[in-house]
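Participant: To be precise about what I am sending: the file is called query-v4.txt and holds compact mmCIF, C-alpha atoms.
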```
# COMPACT_ATOMS: atom_id res chain seq x y z
CA MET T 19 -3.44 32.43 50.77
CA GLN T 20 -2.30 30.70 47.58
CA PRO T 21 -1.08 27.11 48.08
CA HIS T 22 2.63 26.44 47.87
CA ALA T 23 3.49 24.26 44.89
CA TYR T 24 3.79 21.19 47.11
CA ASP T 25 0.92 21.74 49.52
CA LEU T 26 -2.20 19.64 49.12
CA VAL T 27 -5.15 21.47 47.59
CA THR T 28 -8.85 20.74 47.20
CA VAL T 29 -10.24 20.54 43.69
CA GLY T 30 -13.83 19.99 42.60
CA GLY T 31 -14.94 18.16 45.73
CA ARG T 32 -12.25 15.50 45.32
CA GLY T 33 -10.52 16.43 48.57
CA ALA T 34 -6.77 16.78 48.95
CA ILE T 35 -4.73 16.08 45.82
CA LEU T 36 -1.06 16.34 45.02
CA ALA T 37 -0.50 19.86 43.77
CA ILE T 38 2.15 19.44 41.09
CA TYR T 39 2.16 16.88 38.31
CA ASP T 40 4.68 15.74 35.72
CA MET T 41 2.61 14.51 32.80
CA HIS T 42 5.52 13.12 30.79
CA CYS T 43 8.56 11.67 32.52
CA HIS T 44 10.54 8.42 32.30
CA LEU T 45 10.93 6.90 35.77
CA THR T 46 12.43 3.71 34.36
CA PHE T 47 15.38 5.71 33.01
CA ALA T 48 16.45 6.36 36.62
CA SER T 49 18.90 3.85 38.06
CA ASN T 50 17.03 4.31 41.36
CA GLY T 51 13.53 4.52 39.88
CA CYS T 52 11.77 2.55 42.63
CA GLU T 53 13.33 4.75 45.31
CA VAL T 54 12.35 7.95 43.48
CA ALA T 55 8.82 6.68 42.89
CA ARG T 56 8.31 6.11 46.59
CA ALA T 57 9.77 9.51 47.48
CA ALA T 58 7.53 11.28 44.98
CA GLU T 59 4.40 11.18 47.13
CA LEU T 60 6.24 12.69 50.12
CA ALA T 61 7.60 15.39 47.80
CA GLY T 62 4.07 16.18 46.60
CA ILE T 63 4.58 14.93 43.03
CA GLY T 64 2.08 13.12 40.86
CA ALA T 65 3.09 11.87 37.43
CA LEU T 66 2.46 9.95 34.26
CA SER T 67 5.60 7.92 33.54
CA ALA T 68 5.86 7.30 29.80
CA THR T 69 7.53 4.13 28.57
CA VAL T 70 9.27 3.30 25.31
CA THR T 71 8.43 -0.40 24.92
CA PRO T 72 5.83 -2.78 26.37
CA ALA T 73 8.58 -4.42 28.45
CA ASP T 74 9.56 -0.99 29.79
CA TYR T 75 5.92 -0.47 30.78
CA GLU T 76 5.85 -3.67 32.77
CA THR T 77 8.98 -2.53 34.64
CA ALA T 78 7.42 0.89 35.31
CA ARG T 79 4.15 -0.60 36.49
CA ALA T 80 6.00 -2.68 39.08
CA ALA T 81 8.11 0.29 40.20
CA ILE T 82 5.11 2.53 40.94
CA ALA T 83 2.78 -0.12 42.34
CA GLY T 84 0.92 1.28 45.30
CA VAL T 85 2.35 4.80 45.03
CA ARG T 86 -0.35 7.45 45.21
CA GLY T 87 -0.51 9.81 42.25
CA LEU T 88 1.82 7.88 39.91
CA ARG T 89 0.67 6.18 36.73
CA ALA T 90 2.58 4.39 33.96
CA GLY T 91 1.66 4.53 30.29
CA VAL T 92 2.15 1.54 28.00
CA GLY T 93 4.29 2.80 25.15
CA LEU T 94 6.07 1.94 21.94
CA HIS T 95 8.34 4.81 20.97
CA PRO T 96 8.72 5.58 17.25
CA TRP T 97 12.53 5.46 17.65
CA CYS T 98 12.22 1.79 18.57
CA LEU T 99 10.26 1.13 15.39
CA ALA T 100 12.62 3.22 13.26
CA ASN T 101 15.77 1.43 14.43
CA GLY T 102 14.23 -2.04 14.37
CA THR T 103 14.61 -2.83 18.07
CA CYS T 104 10.84 -3.30 18.24
CA ALA T 105 8.70 -5.10 15.68
CA GLU T 106 5.57 -7.23 15.34
CA GLY T 107 5.88 -9.01 18.67
CA ASP T 108 6.12 -5.72 20.52
CA LEU T 109 3.10 -4.30 18.68
CA ALA T 110 1.10 -7.39 19.56
CA ARG T 111 2.13 -7.09 23.20
CA PHE T 112 1.17 -3.39 23.18
CA GLU T 113 -2.28 -4.37 21.92
CA GLU T 114 -2.64 -6.90 24.74
CA LEU T 115 -1.52 -4.47 27.44
CA CYS T 116 -3.69 -1.69 26.04
CA ARG T 117 -6.72 -3.62 27.26
CA THR T 118 -5.43 -3.49 30.84
CA THR T 119 -4.78 0.24 31.36
CA ARG T 120 -6.19 3.69 30.59
CA PHE T 121 -2.71 5.18 30.24
CA ILE T 122 -0.92 5.10 26.90
CA GLY T 123 2.42 6.49 25.77
CA GLU T 124 4.79 7.30 24.63
CA ILE T 125 3.63 6.63 21.09
CA GLY T 126 3.73 8.77 17.96
CA LEU T 127 5.89 9.63 14.97
CA ASP T 128 9.50 10.76 14.58
CA LEU T 129 10.55 11.56 11.02
CA ALA T 130 13.77 13.43 11.77
CA GLY T 131 16.89 12.37 9.86
CA ASP T 132 17.17 8.67 9.05
CA ASN T 133 13.95 7.99 10.97
CA ALA T 134 12.05 9.34 7.96
CA LYS T 135 12.97 6.16 6.05
CA SER T 136 10.56 4.24 8.30
CA ARG T 137 7.66 6.67 7.84
CA GLY T 138 5.32 4.01 6.46
CA VAL T 139 6.18 1.55 9.23
CA GLN T 140 5.66 4.20 11.89
CA ILE T 141 2.32 5.39 10.49
CA GLU T 142 1.02 1.83 10.19
CA ALA T 143 2.08 1.04 13.77
CA LEU T 144 0.52 4.23 15.10
CA GLY T 145 -2.75 3.34 13.39
CA ARG T 146 -2.70 -0.09 15.01
CA MET T 147 -2.04 1.39 18.43
CA LEU T 148 -4.86 3.92 18.10
CA ARG T 149 -7.21 1.13 16.97
CA ALA T 150 -6.18 -0.86 20.04
CA CYS T 151 -7.09 2.13 22.22
CA ASP T 152 -10.54 2.25 20.63
CA ALA T 153 -11.05 -1.51 20.87
CA SER T 154 -10.48 -1.56 24.63
CA GLY T 155 -13.73 0.35 25.11
CA ASP T 156 -12.55 2.91 27.66
CA ARG T 157 -11.31 6.48 27.43
CA LYS T 158 -7.51 6.65 27.38
CA LEU T 159 -5.00 9.31 28.32
CA ILE T 160 -2.44 9.20 25.50
CA THR T 161 0.88 11.06 25.61
CA LEU T 162 2.21 11.58 22.09
CA HIS T 163 5.59 12.21 20.49
CA ALA T 164 5.77 14.12 17.19
CA VAL T 165 9.02 15.28 15.57
CA ARG T 166 8.89 16.32 11.91
CA GLY T 167 5.69 14.30 11.73
CA THR T 168 3.07 16.45 13.40
CA THR T 169 0.80 16.72 10.35
CA ASP T 170 0.89 12.93 9.85
CA LEU T 171 0.18 12.46 13.55
CA LEU T 172 -2.76 14.87 13.53
CA ASP T 173 -4.07 13.14 10.39
CA ALA T 174 -4.01 9.83 12.27
CA LEU T 175 -5.78 11.32 15.29
CA GLU T 176 -8.40 12.93 13.10
CA GLN T 177 -9.04 9.76 11.07
CA ARG T 178 -9.69 7.81 14.28
CA ASP T 179 -11.61 10.68 15.92
CA ALA T 180 -9.10 10.10 18.71
CA THR T 181 -9.38 13.49 20.41
CA ARG T 182 -13.12 12.96 20.82
CA ASN T 183 -12.79 9.43 22.18
CA HIS T 184 -9.62 9.93 24.25
CA ASP T 185 -7.55 12.61 25.97
CA CYS T 186 -4.57 13.21 23.69
CA ALA T 187 -1.57 15.17 25.00
CA LEU T 188 1.16 16.36 22.66
CA HIS T 189 4.42 16.29 24.58
CA TRP T 190 7.06 19.00 23.95
CA PHE T 191 5.26 20.42 20.91
CA SER T 192 7.74 21.30 18.15
CA GLY T 193 5.56 21.59 15.07
CA THR T 194 4.64 24.67 13.05
CA SER T 195 2.25 27.41 14.10
CA ASP T 196 -0.33 26.06 11.64
CA GLU T 197 0.01 22.60 13.20
CA LEU T 198 -0.43 24.13 16.64
CA THR T 199 -3.63 25.81 15.48
CA ARG T 200 -4.89 22.52 14.11
CA ALA T 201 -4.00 20.64 17.30
CA ARG T 202 -5.85 23.25 19.35
CA ARG T 203 -8.94 22.88 17.16
CA LEU T 204 -8.82 19.12 17.54
CA GLY T 205 -8.83 19.51 21.32
CA CYS T 206 -5.34 18.27 22.13
CA PHE T 207 -3.68 18.85 25.48
CA PHE T 208 -0.11 20.14 25.59
CA SER T 209 2.60 19.21 28.10
CA VAL T 210 5.32 21.85 28.37
CA ASN T 211 8.87 21.45 29.65
CA ALA T 212 11.67 23.84 30.57
CA ARG T 213 13.73 23.18 27.44
CA MET T 214 10.79 24.19 25.28
CA LEU T 215 10.39 27.39 27.29
CA GLU T 216 14.05 28.30 26.82
CA THR T 217 13.31 29.18 23.18
CA LYS T 218 11.47 32.20 21.82
CA ARG T 219 9.23 30.00 19.69
CA GLY T 220 8.50 27.69 22.59
CA ARG T 221 7.40 30.61 24.77
CA ALA T 222 5.20 31.95 21.97
CA TYR T 223 3.59 28.52 21.59
CA ALA T 224 3.04 28.31 25.36
CA ARG T 225 1.15 31.60 25.27
CA ALA T 226 -1.07 30.27 22.47
CA MET T 227 -1.99 27.02 24.20
CA PRO T 228 -5.42 26.97 25.88
CA ALA T 229 -5.15 27.39 29.64
CA GLU T 230 -7.54 24.51 30.30
CA ARG T 231 -5.37 22.13 28.24
CA LEU T 232 -1.95 23.01 29.65
CA LEU T 233 0.17 20.44 31.47
CA LEU T 234 3.68 20.37 32.94
CA GLU T 235 6.33 17.83 32.04
CA THR T 236 10.06 17.23 32.54
CA ASP T 237 10.75 14.42 30.01
CA GLU T 238 13.37 13.33 32.57
CA PRO T 239 15.60 11.62 33.59
CA PRO T 240 17.52 12.57 30.46
CA THR T 241 19.25 9.21 29.87
CA GLU T 242 18.94 5.60 30.96
CA GLY T 243 20.90 4.76 34.12
CA PHE T 244 20.71 8.32 35.45
CA THR T 245 20.74 8.70 39.24
CA TRP T 246 17.77 10.91 40.10
CA SER T 247 16.04 12.27 43.19
CA ALA T 248 12.59 13.49 44.13
CA ASP T 249 14.15 16.79 45.25
CA ALA T 250 15.71 17.38 41.82
CA TRP T 251 12.45 16.35 40.20
CA LYS T 252 10.28 18.80 42.13
CA THR T 253 12.83 21.59 41.61
CA ARG T 254 12.65 21.03 37.85
CA LEU T 255 8.86 21.10 37.93
CA GLU T 256 8.81 24.31 39.98
CA GLU T 257 11.27 25.92 37.57
CA THR T 258 9.12 24.90 34.63
CA LEU T 259 5.98 26.28 36.24
CA ALA T 260 7.73 29.59 36.96
CA MET T 261 8.97 29.82 33.36
CA LEU T 262 5.54 28.99 31.98
CA ALA T 263 3.85 31.56 34.21
CA ALA T 264 6.37 34.23 33.15
CA ALA T 265 5.86 33.41 29.46
CA ARG T 266 2.09 33.72 29.84
CA GLY T 267 2.18 36.72 32.19
CA GLU T 268 0.25 34.82 34.87
CA ASP T 269 0.59 34.21 38.59
CA ALA T 270 2.54 30.98 39.13
CA SER T 271 0.50 29.80 42.13
CA ALA T 272 -2.82 30.26 40.38
CA LEU T 273 -1.54 28.70 37.16
CA GLY T 274 -0.04 25.78 39.07
CA ALA T 275 -3.31 25.09 40.87
CA ALA T 276 -5.22 25.15 37.57
CA ILE T 277 -2.73 22.79 35.89
CA ALA T 278 -2.86 20.46 38.90
CA ALA T 279 -6.63 20.34 38.64
CA THR T 280 -6.44 19.43 34.94
CA SER T 281 -3.78 16.81 35.63
CA VAL T 282 -5.69 15.09 38.40
CA ARG T 283 -8.82 15.01 36.26
CA LEU T 284 -6.89 13.22 33.52
CA LEU T 285 -5.17 10.80 35.89
CA GLU T 286 -8.09 10.03 38.16
CA ALA T 287 -11.05 10.08 35.74
```
Could you write out this file's structure as structure tokens?
Facilitator:
Amino acid sequence: MQPHAYDLVTVGGRGAILAIYDMHCHLTFASNGCEVARAAELAGIGALSATVTPADYETARAAIAGVRGLRAGVGLHPWCLANGTCAEGDLARFEELCRTTRFIGEIGLDLAGDNAKSRGVQIEALGRMLRACDASGDRKLITLHAVRGTTDLLDALEQRDATRNHDCALHWFSGTSDELTRARRLGCFFSVNARMLETKRGRAYARAMPAERLLLETDEPPTEGFTWSADAWKTRLEETLAMLAAARGEDASALGAAIAATSVRLLEA
């Protein structure tokens, strides 16, 4: 019998693991983030909670402390660099915190609209953050944001040989088909959410992504101060898995088990 999405399953001799994983969410956006974090394990959810600043990371780390299956990534979102809310002190703090964790993100490039004016600042900061990942001496899991900057992002990854030295996951991929092909060749992982799968192009991209490098995400809660629940969270993940399975013409239970196995390998390596 196939496992239900929230049963515990056995993978690769590791024993029972949580069977559904959100590999890009924002627990600190929830007004009740600590409560949701503690309900996640009972709901059968594992996750990587991305953060947007080093201070946000420190909040997230405290919120998930001791909760099985939850990890926080130290991040510095390109929006925060573009609008000037984060600068040198935040980059320096990111570099310090990078030495203390394997989990990085959300970092990347966003060159949409007025953000494009800070392209040079963003690229320089991304380079520093990738160098910090290398300098720490361990293999990182990095969740990456790229909007209108996917080629620049892939250039940065390639220059640092980042996809060989780390596990790099492109979240909510929105680049071109040529950029998708390049990201596949580089060995990137891809986290897919429901909003991506609501579009024809998103579904086509999901079919083209390698099965062994597919991940689920919600990118939720949608805004800061949002009241969230573990029940709503797991429903969103189940909906996303069903949409992804339909887009790929695959069995949802089998696909979910495979994605869970990939997720736990990345989180527990």
Participant: Given the choices T:Glu230, T:Asp173, T:Asp269, T:Asp132, which gets closest to Leu144 of chain T if the distance is worked out from only C-alpha atoms?
Facilitator: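 With only C-alpha atoms as the atom set, the closest residue is T:Asp173.
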Participant: Between segment 160-225 of chain T and segment 39-48 of chain T, at 10 Å or less, what are the per-residue closest atom pairs and their distances in Å? Count all atoms listed in the file, order by chain and rising residue number, and return it as JSON lines.
Facilitator:
```
{"residue": "T:Thr161", "atom": "CA", "partner": "T:His42", "partner_atom": "CA", "distance": 7.3}
{"residue": "T:Leu162", "atom": "CA", "partner": "T:His42", "partner_atom": "CA", "distance": 9.4}
{"residue": "T:Ala187", "atom": "CA", "partner": "T:Met41", "partner_atom": "CA", "distance": 8.9}
{"residue": "T:Leu188", "atom": "CA", "partner": "T:His42", "partner_atom": "CA", "distance": 9.8}
{"residue": "T:His189", "atom": "CA", "partner": "T:His42", "partner_atom": "CA", "distance": 7.1}
{"residue": "T:Trp190", "atom": "CA", "partner": "T:His42", "partner_atom": "CA", "distance": 9.2}
{"residue": "T:Phe208", "atom": "CA", "partner": "T:Met41", "partner_atom": "CA", "distance": 9.5}
{"residue": "T:Ser209", "atom": "CA", "partner": "T:Met41", "partner_atom": "CA", "distance": 6.6}
{"residue": "T:Val210", "atom": "CA", "partner": "T:Met41", "partner_atom": "CA", "distance": 9.0}
{"residue": "T:Asn211", "atom": "CA", "partner": "T:His42", "partner_atom": "CA", "distance": 9.1}
```
Participant: Quick one: everything within 12 Å of Ile277 of chain T, counting only C-alpha atoms, minus sequence neighbours fewer than 3 positions away in the same chain. Send it as number ranges by chain.
Facilitator: T: 23, 29, 36-41, 64, 207-210, 228-235, 255, 259, 262-263, 270-274, 280-284
Participant: Measuring atom to atom with all atoms listed in the file, identify which of T:Asp196, T:Ala174, T:Trp251, T:Ala55 is nearest to Val85 of chain T.
Facilitator: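 Using all atoms listed in the file, the shortest distance to Val85 of chain T belongs to T:Ala55.
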Participant: Fewer than 4 positions away in the same chain doesn't count, so skip those; otherwise give me all residues within 8 Å of Lys252 of chain T, counting all atoms listed in the file, as a list of chain:residue names.
Facilitator: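 Here the qualifying residues turn out to be T:Ala61, T:Ile63, T:Ala248, T:Glu256.
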Participant: Those same residues, written as a PDB file, keeping the file's coordinate frame with C-alpha atoms?
Facilitator:
```pdb
ATOM      1  CA  ALA T  61       7.600  15.390  47.800  1.00  0.00           C
ATOM      2  CA  ILE T  63       4.580  14.930  43.030  1.00  0.00           C
ATOM      3  CA  ALA T 248      12.590  13.490  44.130  1.00  0.00           C
ATOM      4  CA  GLU T 256       8.810  24.310  39.980  1.00  0.00           C
TER       5      GLU T 256
END
```
Participant: Could you give me, as a PyMOL selection string, the residues within 9 Å of Ser247 of chain T, counting only C-alpha atoms and dropping anything in the same chain fewer than 5 positions from it?
Facilitator: chain T and resi 48+50-51+53-54+57-58+252
Participant: To one decimal place in Å, what is the distance between atom CA of Ala180 of chain T and atom CA of Arg149 of chain T?
Facilitator: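 So the answer is 9.3 Å.
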Participant: How many Å lie between atom CA of Ala260 of chain T and atom CA of Gly126 of chain T, rounded to one decimal?
Facilitator: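 Atom-to-atom, atom CA of Ala260 of chain T and atom CA of Gly126 of chain T are spaced 28.5 Å apart.
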Participant: For atom CA of Leu204 of chain T and atom CA of Cys151 of chain T, determine how far apart the two atoms are, in Å to one decimal place.
Facilitator: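 About the pair atom CA of Leu204 of chain T and atom CA of Cys151 of chain T: they are 17.7 Å apart.
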Participant: Padding 4 Å on each side, edges along x, y and z: where is the centre of the box around the listed atoms of segment 105-111 of chain T, and how long are its edges in Å to one decimal? Output it as AutoDock Vina command-line options.
Facilitator:
```
--center_x 4.9 --center_y -6.7 --center_z 19.3 --size_x 15.6 --size_y 12.7 --size_z 15.9
```
Participant: Pick out the closest residue to Arg254 of chain T from this set: T:Val165, T:Leu94, T:Ala212, T:Ala222. Count all atoms listed in the file.
Facilitator: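 Among T:Val165, T:Leu94, T:Ala212, T:Ala222, it is T:Ala212 that comes nearest to Arg254 of chain T.
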Participant: For Gly205 of chain T, list every protein, DNA or RNA residue within 9 Å, evaluated using all atoms listed in the file, and leave out those in the same chain fewer than 5 positions away; present the list as a PyMOL selection string.
Facilitator: chain T and resi 181-182+185-186+200+231
Participant: Got a sec: who's within 12 Å of segment 72-83 of chain T, counting only C-alpha atoms, leaving out chain neighbours fewer than 5 positions off, as number ranges by chain?
Facilitator: T: 43-59, 64-67, 88-95, 98, 104-116, 118-119, 121-125, 147, 242
Participant: Which is closer to Gly87 of chain T than all the others in T:Ala100, T:Ala164, T:Thr258, T:Glu286, using all atoms listed in the file?
Facilitator: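 For Gly87 of chain T, the nearest of the candidates is T:Glu286.
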Participant: Quick one: segment 39-138 of chain T with C-alpha atoms, as a PDB file, in the first residue's frame?
Facilitator:
```pdb
ATOM      1  CA  TYR T  39       8.578  18.602   2.984  1.00  0.00           C
ATOM      2  CA  ASP T  40       8.303  22.297   2.198  1.00  0.00           C
ATOM      3  CA  MET T  41      11.722  23.294   0.915  1.00  0.00           C
ATOM      4  CA  HIS T  42      11.028  27.027   0.736  1.00  0.00           C
ATOM      5  CA  CYS T  43       8.679  28.685   3.203  1.00  0.00           C
ATOM      6  CA  HIS T  44       8.841  31.697   5.535  1.00  0.00           C
ATOM      7  CA  LEU T  45       7.811  30.667   9.050  1.00  0.00           C
ATOM      8  CA  THR T  46       8.820  34.036  10.482  1.00  0.00           C
ATOM      9  CA  PHE T  47       6.162  35.723   8.341  1.00  0.00           C
ATOM     10  CA  ALA T  48       3.503  33.979  10.443  1.00  0.00           C
ATOM     11  CA  SER T  49       2.245  35.950  13.428  1.00  0.00           C
ATOM     12  CA  ASN T  50       2.048  32.593  15.240  1.00  0.00           C
ATOM     13  CA  GLY T  51       5.243  31.105  13.800  1.00  0.00           C
ATOM     14  CA  CYS T  52       6.387  29.348  16.985  1.00  0.00           C
ATOM     15  CA  GLU T  53       2.987  27.682  17.371  1.00  0.00           C
ATOM     16  CA  VAL T  54       2.951  26.548  13.738  1.00  0.00           C
ATOM     17  CA  ALA T  55       6.514  25.250  13.976  1.00  0.00           C
ATOM     18  CA  ARG T  56       5.615  23.040  16.907  1.00  0.00           C
ATOM     19  CA  ALA T  57       2.466  21.773  15.188  1.00  0.00           C
ATOM     20  CA  ALA T  58       4.377  20.916  12.025  1.00  0.00           C
ATOM     21  CA  GLU T  59       5.903  17.702  13.347  1.00  0.00           C
ATOM     22  CA  LEU T  60       2.498  16.381  14.467  1.00  0.00           C
ATOM     23  CA  ALA T  61       1.122  17.274  11.019  1.00  0.00           C
ATOM     24  CA  GLY T  62       3.943  15.325   9.359  1.00  0.00           C
ATOM     25  CA  ILE T  63       5.678  18.358   7.823  1.00  0.00           C
ATOM     26  CA  GLY T  64       9.390  18.928   7.444  1.00  0.00           C
ATOM     27  CA  ALA T  65      10.676  22.202   6.050  1.00  0.00           C
ATOM     28  CA  LEU T  66      13.437  24.608   5.192  1.00  0.00           C
ATOM     29  CA  SER T  67      12.339  28.047   6.381  1.00  0.00           C
ATOM     30  CA  ALA T  68      14.021  30.703   4.263  1.00  0.00           C
ATOM     31  CA  THR T  69      14.807  34.070   5.817  1.00  0.00           C
ATOM     32  CA  VAL T  70      15.270  37.514   4.293  1.00  0.00           C
ATOM     33  CA  THR T  71      17.879  39.040   6.617  1.00  0.00           C
ATOM     34  CA  PRO T  72      20.408  37.703   9.135  1.00  0.00           C
ATOM     35  CA  ALA T  73      18.226  39.063  11.961  1.00  0.00           C
ATOM     36  CA  ASP T  74      15.236  37.204  10.494  1.00  0.00           C
ATOM     37  CA  TYR T  75      17.343  34.033  10.531  1.00  0.00           C
ATOM     38  CA  GLU T  76      18.109  34.408  14.199  1.00  0.00           C
ATOM     39  CA  THR T  77      14.374  34.751  14.905  1.00  0.00           C
ATOM     40  CA  ALA T  78      13.616  31.666  12.802  1.00  0.00           C
ATOM     41  CA  ARG T  79      16.341  29.617  14.437  1.00  0.00           C
ATOM     42  CA  ALA T  80      14.844  30.322  17.863  1.00  0.00           C
ATOM     43  CA  ALA T  81      11.306  29.548  16.656  1.00  0.00           C
ATOM     44  CA  ILE T  82      12.193  26.078  15.337  1.00  0.00           C
ATOM     45  CA  ALA T  83      14.674  25.076  18.034  1.00  0.00           C
ATOM     46  CA  GLY T  84      14.159  21.452  18.940  1.00  0.00           C
ATOM     47  CA  VAL T  85      11.464  20.785  16.328  1.00  0.00           C
ATOM     48  CA  ARG T  86      12.158  17.637  14.347  1.00  0.00           C
ATOM     49  CA  GLY T  87      12.386  18.092  10.588  1.00  0.00           C
ATOM     50  CA  LEU T  88      12.537  21.908  10.532  1.00  0.00           C
ATOM     51  CA  ARG T  89      15.596  23.884   9.473  1.00  0.00           C
ATOM     52  CA  ALA T  90      16.176  27.617   8.991  1.00  0.00           C
ATOM     53  CA  GLY T  91      18.372  29.106   6.281  1.00  0.00           C
ATOM     54  CA  VAL T  92      20.421  32.245   6.881  1.00  0.00           C
ATOM     55  CA  GLY T  93      19.382  34.657   4.162  1.00  0.00           C
ATOM     56  CA  LEU T  94      19.808  38.106   2.697  1.00  0.00           C
ATOM     57  CA  HIS T  95      17.085  38.706   0.136  1.00  0.00           C
ATOM     58  CA  PRO T  96      17.995  40.740  -2.963  1.00  0.00           C
ATOM     59  CA  TRP T  97      14.976  43.009  -2.312  1.00  0.00           C
ATOM     60  CA  CYS T  98      16.607  44.100   0.938  1.00  0.00           C
ATOM     61  CA  LEU T  99      19.773  45.022  -0.932  1.00  0.00           C
ATOM     62  CA  ALA T 100      17.859  46.749  -3.723  1.00  0.00           C
ATOM     63  CA  ASN T 101      15.828  48.969  -1.399  1.00  0.00           C
ATOM     64  CA  GLY T 102      18.716  49.744   0.936  1.00  0.00           C
ATOM     65  CA  THR T 103      17.243  48.216   4.095  1.00  0.00           C
ATOM     66  CA  CYS T 104      20.281  45.931   4.267  1.00  0.00           C
ATOM     67  CA  ALA T 105      23.877  46.953   3.631  1.00  0.00           C
ATOM     68  CA  GLU T 106      27.449  46.201   4.692  1.00  0.00           C
ATOM     69  CA  GLY T 107      26.667  45.329   8.295  1.00  0.00           C
ATOM     70  CA  ASP T 108      24.095  42.765   7.226  1.00  0.00           C
ATOM     71  CA  LEU T 109      26.490  41.209   4.712  1.00  0.00           C
ATOM     72  CA  ALA T 110      29.152  40.939   7.394  1.00  0.00           C
ATOM     73  CA  ARG T 111      26.671  39.321   9.771  1.00  0.00           C
ATOM     74  CA  PHE T 112      25.618  36.887   7.022  1.00  0.00           C
ATOM     75  CA  GLU T 113      29.260  35.893   6.593  1.00  0.00           C
ATOM     76  CA  GLU T 114      29.576  35.264  10.334  1.00  0.00           C
ATOM     77  CA  LEU T 115      26.386  33.201  10.541  1.00  0.00           C
ATOM     78  CA  CYS T 116      27.290  31.246   7.410  1.00  0.00           C
ATOM     79  CA  ARG T 117      30.026  29.549   9.417  1.00  0.00           C
ATOM     80  CA  THR T 118      27.463  28.215  11.897  1.00  0.00           C
ATOM     81  CA  THR T 119      24.927  26.474   9.616  1.00  0.00           C
ATOM     82  CA  ARG T 120      24.643  24.309   6.505  1.00  0.00           C
ATOM     83  CA  PHE T 121      21.408  26.007   5.453  1.00  0.00           C
ATOM     84  CA  ILE T 122      21.493  29.150   3.336  1.00  0.00           C
ATOM     85  CA  GLY T 123      18.750  31.258   1.804  1.00  0.00           C
ATOM     86  CA  GLU T 124      17.033  33.055   0.609  1.00  0.00           C
ATOM     87  CA  ILE T 125      19.746  34.708  -1.447  1.00  0.00           C
ATOM     88  CA  GLY T 126      19.948  35.543  -5.133  1.00  0.00           C
ATOM     89  CA  LEU T 127      19.145  38.252  -7.657  1.00  0.00           C
ATOM     90  CA  ASP T 128      16.012  40.234  -8.475  1.00  0.00           C
ATOM     91  CA  LEU T 129      16.328  42.599 -11.431  1.00  0.00           C
ATOM     92  CA  ALA T 130      12.639  43.300 -12.013  1.00  0.00           C
ATOM     93  CA  GLY T 131      11.580  46.946 -12.339  1.00  0.00           C
ATOM     94  CA  ASP T 132      13.513  49.423 -10.216  1.00  0.00           C
ATOM     95  CA  ASN T 133      15.492  46.575  -8.641  1.00  0.00           C
ATOM     96  CA  ALA T 134      17.556  46.453 -11.836  1.00  0.00           C
ATOM     97  CA  LYS T 135      19.217  49.734 -10.794  1.00  0.00           C
ATOM     98  CA  SER T 136      21.030  47.823  -8.045  1.00  0.00           C
ATOM     99  CA  ARG T 137      22.261  45.027 -10.327  1.00  0.00           C
ATOM    100  CA  GLY T 138      25.927  45.658  -9.548  1.00  0.00           C
TER     101      GLY T 138
END
```
